[in-house]
file entry_38.txt (compact mmCIF, N, CA and C atoms)
# COMPACT_ATOMS: atom_id res chain seq x y z
N MET A 1 -64.65 167.02 27.76
CA MET A 1 -64.30 166.21 28.90
C MET A 1 -63.11 166.87 29.61
N SER A 2 -63.20 166.93 30.92
CA SER A 2 -62.13 167.56 31.70
C SER A 2 -60.99 166.56 31.91
N TRP A 3 -59.81 167.12 32.30
CA TRP A 3 -58.67 166.25 32.58
C TRP A 3 -58.94 165.37 33.80
N ARG A 4 -59.67 165.93 34.76
CA ARG A 4 -60.01 165.14 35.95
C ARG A 4 -60.88 163.94 35.58
N ARG A 5 -61.86 164.18 34.72
CA ARG A 5 -62.76 163.09 34.29
C ARG A 5 -61.97 162.00 33.56
N LEU A 6 -61.03 162.41 32.70
CA LEU A 6 -60.20 161.45 31.98
C LEU A 6 -59.36 160.61 32.95
N ARG A 7 -58.76 161.30 33.96
CA ARG A 7 -57.96 160.59 34.95
C ARG A 7 -58.80 159.57 35.71
N VAL A 8 -60.00 159.95 36.12
CA VAL A 8 -60.89 159.04 36.85
C VAL A 8 -61.27 157.85 35.98
N LEU A 9 -61.56 158.08 34.71
CA LEU A 9 -61.90 156.98 33.81
C LEU A 9 -60.74 156.00 33.66
N ILE A 10 -59.53 156.53 33.52
CA ILE A 10 -58.36 155.66 33.36
C ILE A 10 -58.09 154.89 34.64
N GLN A 11 -58.21 155.55 35.80
CA GLN A 11 -57.94 154.88 37.08
C GLN A 11 -58.91 153.73 37.34
N HIS A 12 -60.10 153.81 36.79
CA HIS A 12 -61.10 152.77 37.05
C HIS A 12 -61.19 151.70 35.96
N LEU A 13 -60.23 151.72 35.05
CA LEU A 13 -60.16 150.64 34.07
C LEU A 13 -59.66 149.38 34.76
N PRO A 14 -60.03 148.21 34.27
CA PRO A 14 -59.51 146.97 34.88
C PRO A 14 -58.00 146.87 34.68
N PRO A 15 -57.29 146.21 35.61
CA PRO A 15 -55.83 146.12 35.50
C PRO A 15 -55.34 145.46 34.21
N GLU A 16 -56.15 144.59 33.63
CA GLU A 16 -55.71 143.90 32.41
C GLU A 16 -56.07 144.67 31.14
N SER A 17 -56.57 145.89 31.26
CA SER A 17 -56.95 146.68 30.08
C SER A 17 -55.72 147.05 29.27
N ALA A 18 -55.96 147.38 28.00
CA ALA A 18 -54.86 147.75 27.10
C ALA A 18 -54.17 149.02 27.59
N THR A 19 -54.91 149.95 28.15
CA THR A 19 -54.32 151.21 28.64
C THR A 19 -53.35 150.94 29.78
N TRP A 20 -53.78 150.18 30.79
CA TRP A 20 -52.90 149.89 31.92
C TRP A 20 -51.71 149.03 31.48
N THR A 21 -51.94 148.11 30.57
CA THR A 21 -50.85 147.28 30.07
C THR A 21 -49.80 148.15 29.39
N GLU A 22 -50.24 149.10 28.58
CA GLU A 22 -49.31 150.00 27.88
C GLU A 22 -48.57 150.89 28.88
N LEU A 23 -49.27 151.37 29.92
CA LEU A 23 -48.60 152.19 30.94
C LEU A 23 -47.53 151.38 31.68
N ARG A 24 -47.83 150.12 32.00
CA ARG A 24 -46.84 149.27 32.66
C ARG A 24 -45.67 148.97 31.74
N ASN A 25 -45.94 148.73 30.46
CA ASN A 25 -44.87 148.42 29.50
C ASN A 25 -43.94 149.62 29.29
N ALA A 26 -44.45 150.82 29.49
CA ALA A 26 -43.64 152.03 29.30
C ALA A 26 -42.75 152.33 30.50
N MET A 27 -42.95 151.64 31.61
CA MET A 27 -42.17 151.90 32.83
C MET A 27 -40.77 151.30 32.71
N SER A 28 -39.80 151.97 33.34
CA SER A 28 -38.43 151.44 33.36
C SER A 28 -38.34 150.31 34.39
N ASP A 29 -37.24 149.57 34.35
CA ASP A 29 -37.04 148.48 35.30
C ASP A 29 -37.00 148.99 36.73
N GLU A 30 -36.40 150.17 36.93
CA GLU A 30 -36.32 150.75 38.28
C GLU A 30 -37.72 151.12 38.79
N GLU A 31 -38.54 151.70 37.92
CA GLU A 31 -39.90 152.06 38.31
C GLU A 31 -40.72 150.82 38.64
N LEU A 32 -40.56 149.76 37.85
CA LEU A 32 -41.27 148.51 38.12
C LEU A 32 -40.85 147.90 39.46
N ALA A 33 -39.54 147.93 39.74
CA ALA A 33 -39.04 147.39 41.01
C ALA A 33 -39.58 148.21 42.18
N GLU A 34 -39.63 149.53 42.02
CA GLU A 34 -40.17 150.39 43.09
C GLU A 34 -41.65 150.10 43.30
N GLN A 35 -42.40 149.93 42.23
CA GLN A 35 -43.82 149.61 42.33
C GLN A 35 -44.02 148.27 43.03
N ALA A 36 -43.17 147.28 42.73
CA ALA A 36 -43.29 145.96 43.34
C ALA A 36 -43.00 146.03 44.84
N ASP A 37 -42.01 146.85 45.23
CA ASP A 37 -41.67 146.99 46.64
C ASP A 37 -42.78 147.69 47.42
N GLN A 38 -43.46 148.63 46.78
CA GLN A 38 -44.49 149.40 47.45
C GLN A 38 -45.88 148.83 47.24
N GLY A 39 -45.98 147.69 46.58
CA GLY A 39 -47.28 147.11 46.26
C GLY A 39 -48.08 146.75 47.50
N GLU A 40 -49.36 147.06 47.45
CA GLU A 40 -50.29 146.72 48.52
C GLU A 40 -51.53 146.10 47.87
N PRO A 41 -51.53 144.77 47.65
CA PRO A 41 -52.65 144.16 46.94
C PRO A 41 -53.99 144.34 47.64
N GLU A 42 -53.98 144.53 48.96
CA GLU A 42 -55.24 144.70 49.65
C GLU A 42 -55.91 146.05 49.33
N ARG A 43 -55.19 146.96 48.69
CA ARG A 43 -55.77 148.25 48.32
C ARG A 43 -56.19 148.30 46.85
N GLY A 44 -55.90 147.24 46.12
CA GLY A 44 -56.22 147.21 44.70
C GLY A 44 -57.64 146.77 44.43
N ARG A 45 -58.02 146.80 43.17
CA ARG A 45 -59.34 146.34 42.75
C ARG A 45 -59.17 144.97 42.12
N TRP A 46 -59.93 144.00 42.58
CA TRP A 46 -59.88 142.66 42.03
C TRP A 46 -61.22 142.32 41.42
N SER A 47 -61.17 141.62 40.30
CA SER A 47 -62.40 141.12 39.70
C SER A 47 -62.81 139.84 40.43
N GLN A 48 -64.00 139.35 40.12
CA GLN A 48 -64.47 138.11 40.74
C GLN A 48 -63.55 136.95 40.36
N SER A 49 -63.04 136.96 39.14
CA SER A 49 -62.12 135.89 38.71
C SER A 49 -60.85 135.89 39.56
N GLU A 50 -60.32 137.07 39.84
CA GLU A 50 -59.12 137.15 40.67
C GLU A 50 -59.40 136.69 42.09
N GLN A 51 -60.57 137.03 42.63
CA GLN A 51 -60.94 136.58 43.97
C GLN A 51 -61.01 135.05 44.00
N LEU A 52 -61.66 134.46 43.00
CA LEU A 52 -61.79 133.00 42.96
C LEU A 52 -60.43 132.32 42.78
N LEU A 53 -59.57 132.92 41.97
CA LEU A 53 -58.23 132.36 41.77
C LEU A 53 -57.43 132.40 43.07
N ALA A 54 -57.58 133.46 43.85
CA ALA A 54 -56.89 133.54 45.14
C ALA A 54 -57.40 132.47 46.09
N VAL A 55 -58.71 132.19 46.07
CA VAL A 55 -59.28 131.13 46.92
C VAL A 55 -58.69 129.78 46.51
N VAL A 56 -58.62 129.53 45.22
CA VAL A 56 -58.06 128.26 44.73
C VAL A 56 -56.59 128.13 45.15
N ALA A 57 -55.82 129.20 45.00
CA ALA A 57 -54.41 129.17 45.39
C ALA A 57 -54.26 128.90 46.89
N ASP A 58 -55.12 129.51 47.70
CA ASP A 58 -55.08 129.27 49.15
C ASP A 58 -55.41 127.82 49.48
N ARG A 59 -56.41 127.27 48.81
CA ARG A 59 -56.80 125.88 49.07
C ARG A 59 -55.70 124.90 48.66
N VAL A 60 -55.05 125.16 47.53
CA VAL A 60 -53.95 124.30 47.09
C VAL A 60 -52.79 124.37 48.09
N ALA A 61 -52.50 125.58 48.58
CA ALA A 61 -51.44 125.72 49.59
C ALA A 61 -51.81 124.98 50.87
N ASP A 62 -53.08 125.04 51.27
CA ASP A 62 -53.53 124.31 52.45
C ASP A 62 -53.39 122.80 52.26
N LEU A 63 -53.76 122.30 51.08
CA LEU A 63 -53.62 120.87 50.80
C LEU A 63 -52.16 120.43 50.83
N ALA A 64 -51.29 121.25 50.25
CA ALA A 64 -49.86 120.92 50.28
C ALA A 64 -49.33 120.89 51.71
N TYR A 65 -49.80 121.85 52.53
CA TYR A 65 -49.39 121.89 53.94
C TYR A 65 -49.89 120.65 54.68
N LEU A 66 -51.15 120.28 54.46
CA LEU A 66 -51.70 119.11 55.14
C LEU A 66 -50.99 117.83 54.70
N TYR A 67 -50.69 117.72 53.43
CA TYR A 67 -49.97 116.55 52.92
C TYR A 67 -48.58 116.46 53.55
N ALA A 68 -47.88 117.60 53.59
CA ALA A 68 -46.53 117.61 54.17
C ALA A 68 -46.60 117.31 55.67
N SER A 69 -47.60 117.85 56.36
CA SER A 69 -47.75 117.60 57.80
C SER A 69 -48.05 116.13 58.08
N ALA A 70 -48.90 115.54 57.27
CA ALA A 70 -49.28 114.14 57.48
C ALA A 70 -48.13 113.19 57.18
N ASN A 71 -47.23 113.59 56.30
CA ASN A 71 -46.12 112.71 55.92
C ASN A 71 -44.79 113.09 56.57
N THR A 72 -44.86 113.92 57.60
CA THR A 72 -43.67 114.29 58.35
C THR A 72 -43.56 113.36 59.56
N GLU A 73 -42.38 112.89 59.83
CA GLU A 73 -42.19 112.02 60.99
C GLU A 73 -42.53 112.77 62.27
N SER A 74 -42.96 112.04 63.29
CA SER A 74 -43.45 112.66 64.51
C SER A 74 -42.39 113.50 65.21
N LYS A 75 -41.12 113.14 65.11
CA LYS A 75 -40.06 113.89 65.79
C LYS A 75 -39.52 115.04 64.95
N ALA A 76 -39.84 115.05 63.69
CA ALA A 76 -39.34 116.11 62.81
C ALA A 76 -40.15 117.39 63.00
N LYS A 77 -39.55 118.50 62.60
CA LYS A 77 -40.21 119.80 62.72
C LYS A 77 -41.34 119.88 61.69
N LYS A 78 -42.51 120.29 62.14
CA LYS A 78 -43.67 120.42 61.25
C LYS A 78 -43.49 121.62 60.33
N PRO A 79 -44.00 121.55 59.11
CA PRO A 79 -43.89 122.70 58.20
C PRO A 79 -44.74 123.87 58.68
N LYS A 80 -44.37 125.05 58.26
CA LYS A 80 -45.11 126.26 58.64
C LYS A 80 -46.40 126.35 57.83
N GLN A 81 -47.48 126.70 58.51
CA GLN A 81 -48.77 126.82 57.82
C GLN A 81 -48.73 128.00 56.86
N PRO A 82 -49.25 127.83 55.63
CA PRO A 82 -49.18 128.91 54.64
C PRO A 82 -50.09 130.08 55.00
N GLU A 83 -49.66 131.28 54.62
CA GLU A 83 -50.47 132.47 54.83
C GLU A 83 -51.37 132.65 53.61
N PRO A 84 -52.63 133.05 53.82
CA PRO A 84 -53.50 133.28 52.66
C PRO A 84 -53.05 134.50 51.87
N ILE A 85 -53.40 134.52 50.61
CA ILE A 85 -53.08 135.65 49.75
C ILE A 85 -53.86 136.86 50.24
N ARG A 86 -53.18 138.01 50.33
CA ARG A 86 -53.85 139.23 50.79
C ARG A 86 -54.86 139.67 49.74
N ARG A 87 -56.04 140.04 50.22
CA ARG A 87 -57.12 140.44 49.33
C ARG A 87 -57.47 141.91 49.52
N PRO A 88 -58.06 142.54 48.49
CA PRO A 88 -58.45 143.94 48.62
C PRO A 88 -59.48 144.12 49.73
N GLY A 89 -59.28 145.16 50.54
CA GLY A 89 -60.23 145.48 51.59
C GLY A 89 -60.11 144.62 52.82
N ALA A 90 -59.14 143.72 52.88
CA ALA A 90 -58.98 142.84 54.04
C ALA A 90 -57.65 143.14 54.71
N LYS A 91 -57.68 143.23 56.03
CA LYS A 91 -56.45 143.45 56.76
C LYS A 91 -55.64 142.16 56.80
N GLN A 92 -54.33 142.31 56.97
CA GLN A 92 -53.46 141.15 57.00
C GLN A 92 -53.77 140.33 58.25
N VAL A 93 -53.80 139.02 58.08
CA VAL A 93 -54.11 138.11 59.17
C VAL A 93 -52.94 138.05 60.14
N LYS A 94 -53.23 138.23 61.43
CA LYS A 94 -52.18 138.14 62.43
C LYS A 94 -51.93 136.66 62.75
N PRO A 95 -50.67 136.28 62.92
CA PRO A 95 -50.39 134.87 63.21
C PRO A 95 -50.94 134.49 64.59
N LYS A 96 -51.36 133.22 64.69
CA LYS A 96 -51.87 132.72 65.96
C LYS A 96 -50.71 132.56 66.93
N ARG A 97 -50.99 132.89 68.20
CA ARG A 97 -49.97 132.74 69.22
C ARG A 97 -49.91 131.29 69.68
N GLU A 98 -48.71 130.81 69.87
CA GLU A 98 -48.52 129.46 70.39
C GLU A 98 -48.40 129.57 71.91
N ILE A 99 -48.98 128.62 72.65
CA ILE A 99 -48.84 128.64 74.10
C ILE A 99 -47.79 127.63 74.51
N SER A 100 -47.12 127.94 75.60
CA SER A 100 -46.07 127.04 76.08
C SER A 100 -46.70 125.84 76.78
N GLU A 101 -45.86 124.86 77.06
CA GLU A 101 -46.32 123.65 77.76
C GLU A 101 -46.85 124.01 79.15
N ALA A 102 -46.17 124.92 79.86
CA ALA A 102 -46.60 125.32 81.20
C ALA A 102 -47.96 126.03 81.14
N GLN A 103 -48.13 126.89 80.14
CA GLN A 103 -49.42 127.58 79.98
C GLN A 103 -50.53 126.58 79.67
N ALA A 104 -50.23 125.59 78.86
CA ALA A 104 -51.23 124.57 78.53
C ALA A 104 -51.62 123.77 79.76
N ASP A 105 -50.62 123.42 80.61
CA ASP A 105 -50.92 122.69 81.85
C ASP A 105 -51.79 123.52 82.78
N THR A 106 -51.47 124.80 82.92
CA THR A 106 -52.26 125.68 83.78
C THR A 106 -53.68 125.79 83.26
N LEU A 107 -53.84 125.96 81.98
CA LEU A 107 -55.18 126.05 81.39
C LEU A 107 -55.95 124.76 81.60
N PHE A 108 -55.29 123.62 81.45
CA PHE A 108 -55.94 122.33 81.66
C PHE A 108 -56.42 122.19 83.10
N ARG A 109 -55.56 122.61 84.07
CA ARG A 109 -55.98 122.55 85.47
C ARG A 109 -57.15 123.47 85.76
N LEU A 110 -57.14 124.67 85.18
CA LEU A 110 -58.24 125.61 85.40
C LEU A 110 -59.56 125.09 84.82
N ILE A 111 -59.48 124.49 83.66
CA ILE A 111 -60.70 123.96 83.02
C ILE A 111 -61.26 122.80 83.83
N ASN A 112 -60.40 122.02 84.42
CA ASN A 112 -60.84 120.84 85.17
C ASN A 112 -61.09 121.11 86.65
N GLY A 113 -61.27 122.37 87.02
CA GLY A 113 -61.68 122.71 88.38
C GLY A 113 -60.56 122.82 89.39
N GLY A 114 -59.35 122.95 88.97
CA GLY A 114 -58.24 123.04 89.91
C GLY A 114 -57.74 124.45 90.09
N ALA A 115 -58.63 125.43 90.13
CA ALA A 115 -58.24 126.84 90.25
C ALA A 115 -58.06 127.22 91.72
N ALA A 116 -56.90 127.03 92.22
CA ALA A 116 -56.65 127.44 93.61
C ALA A 116 -55.21 127.80 93.79
call {"tool": "encode", "arguments": {"input": "entry_38.txt", "output": "structure tokens"}}
result
Amino acid sequence: MSWRRLRVLIQHLPPESATWTELRNAMSDEELAEQADQGEPERGRWSQSEQLLAVVADRVADLAYLYASANTESKAKKPKQPEPIRRPGAKQVKPKREISEAQADTLFRLINGGAA
């Protein structure tokens, strides 16, 4: 077996494998901190269980947001909507743009035939 073949086999092991766990355990605190700062979960490999767990976490965050929004007084500032967990192969979701009151009025007039 070539060294390249061994490297490819190790790289394609699941993240929870004993080999990857041992490699992570051998890292210093500085190396772990650097890895955490440079982490890009959307480039990693996730199992179906991890995908489903991310969906559950997103749904729980959505429920907490809806509960907090429903129980916030009308004059109080609404809570910020949670961002979904980044998934492998998916680009980061861009936040929705908010329109101003003037823009909303203009759009309302245009929709209702007042374009002049």
call {"tool": "residues_around", "arguments": {"input": "entry_38.txt", "residues": "region 10-17 of chain A", "least_positions_apart": "5", "cutoff": "8 Å", "atoms": "all atoms listed in the file", "output": "list of chain:residue names"}}
result
A:Arg4, A:Arg5, A:Glu22, A:Leu23, A:Arg45, A:Trp46, A:Ser47
call {"tool": "atom_distance", "arguments": {"input": "entry_38.txt", "atom1": "atom N of Ser69 (chain A)", "atom2": "atom C of Val56 (chain A)"}}
result
17.7 Å
call {"tool": "atom_distance", "arguments": {"input": "entry_38.txt", "atom1": "CA of Leu63 (chain A)", "atom2": "CA of Gln48 (chain A)"}}
result
22.7 Å
call {"tool": "atom_distance", "arguments": {"input": "entry_38.txt", "atom1": "atom N of Pro84 (chain A)", "atom2": "atom N of Ala54 (chain A)"}}
result
11.1 Å
call {"tool": "residues_around", "arguments": {"input": "entry_38.txt", "residues": "Lys78 (chain A)", "least_positions_apart": "2", "cutoff": "12 Å", "atoms": "only C-alpha atoms", "output": "count of residues only"}}
result
14
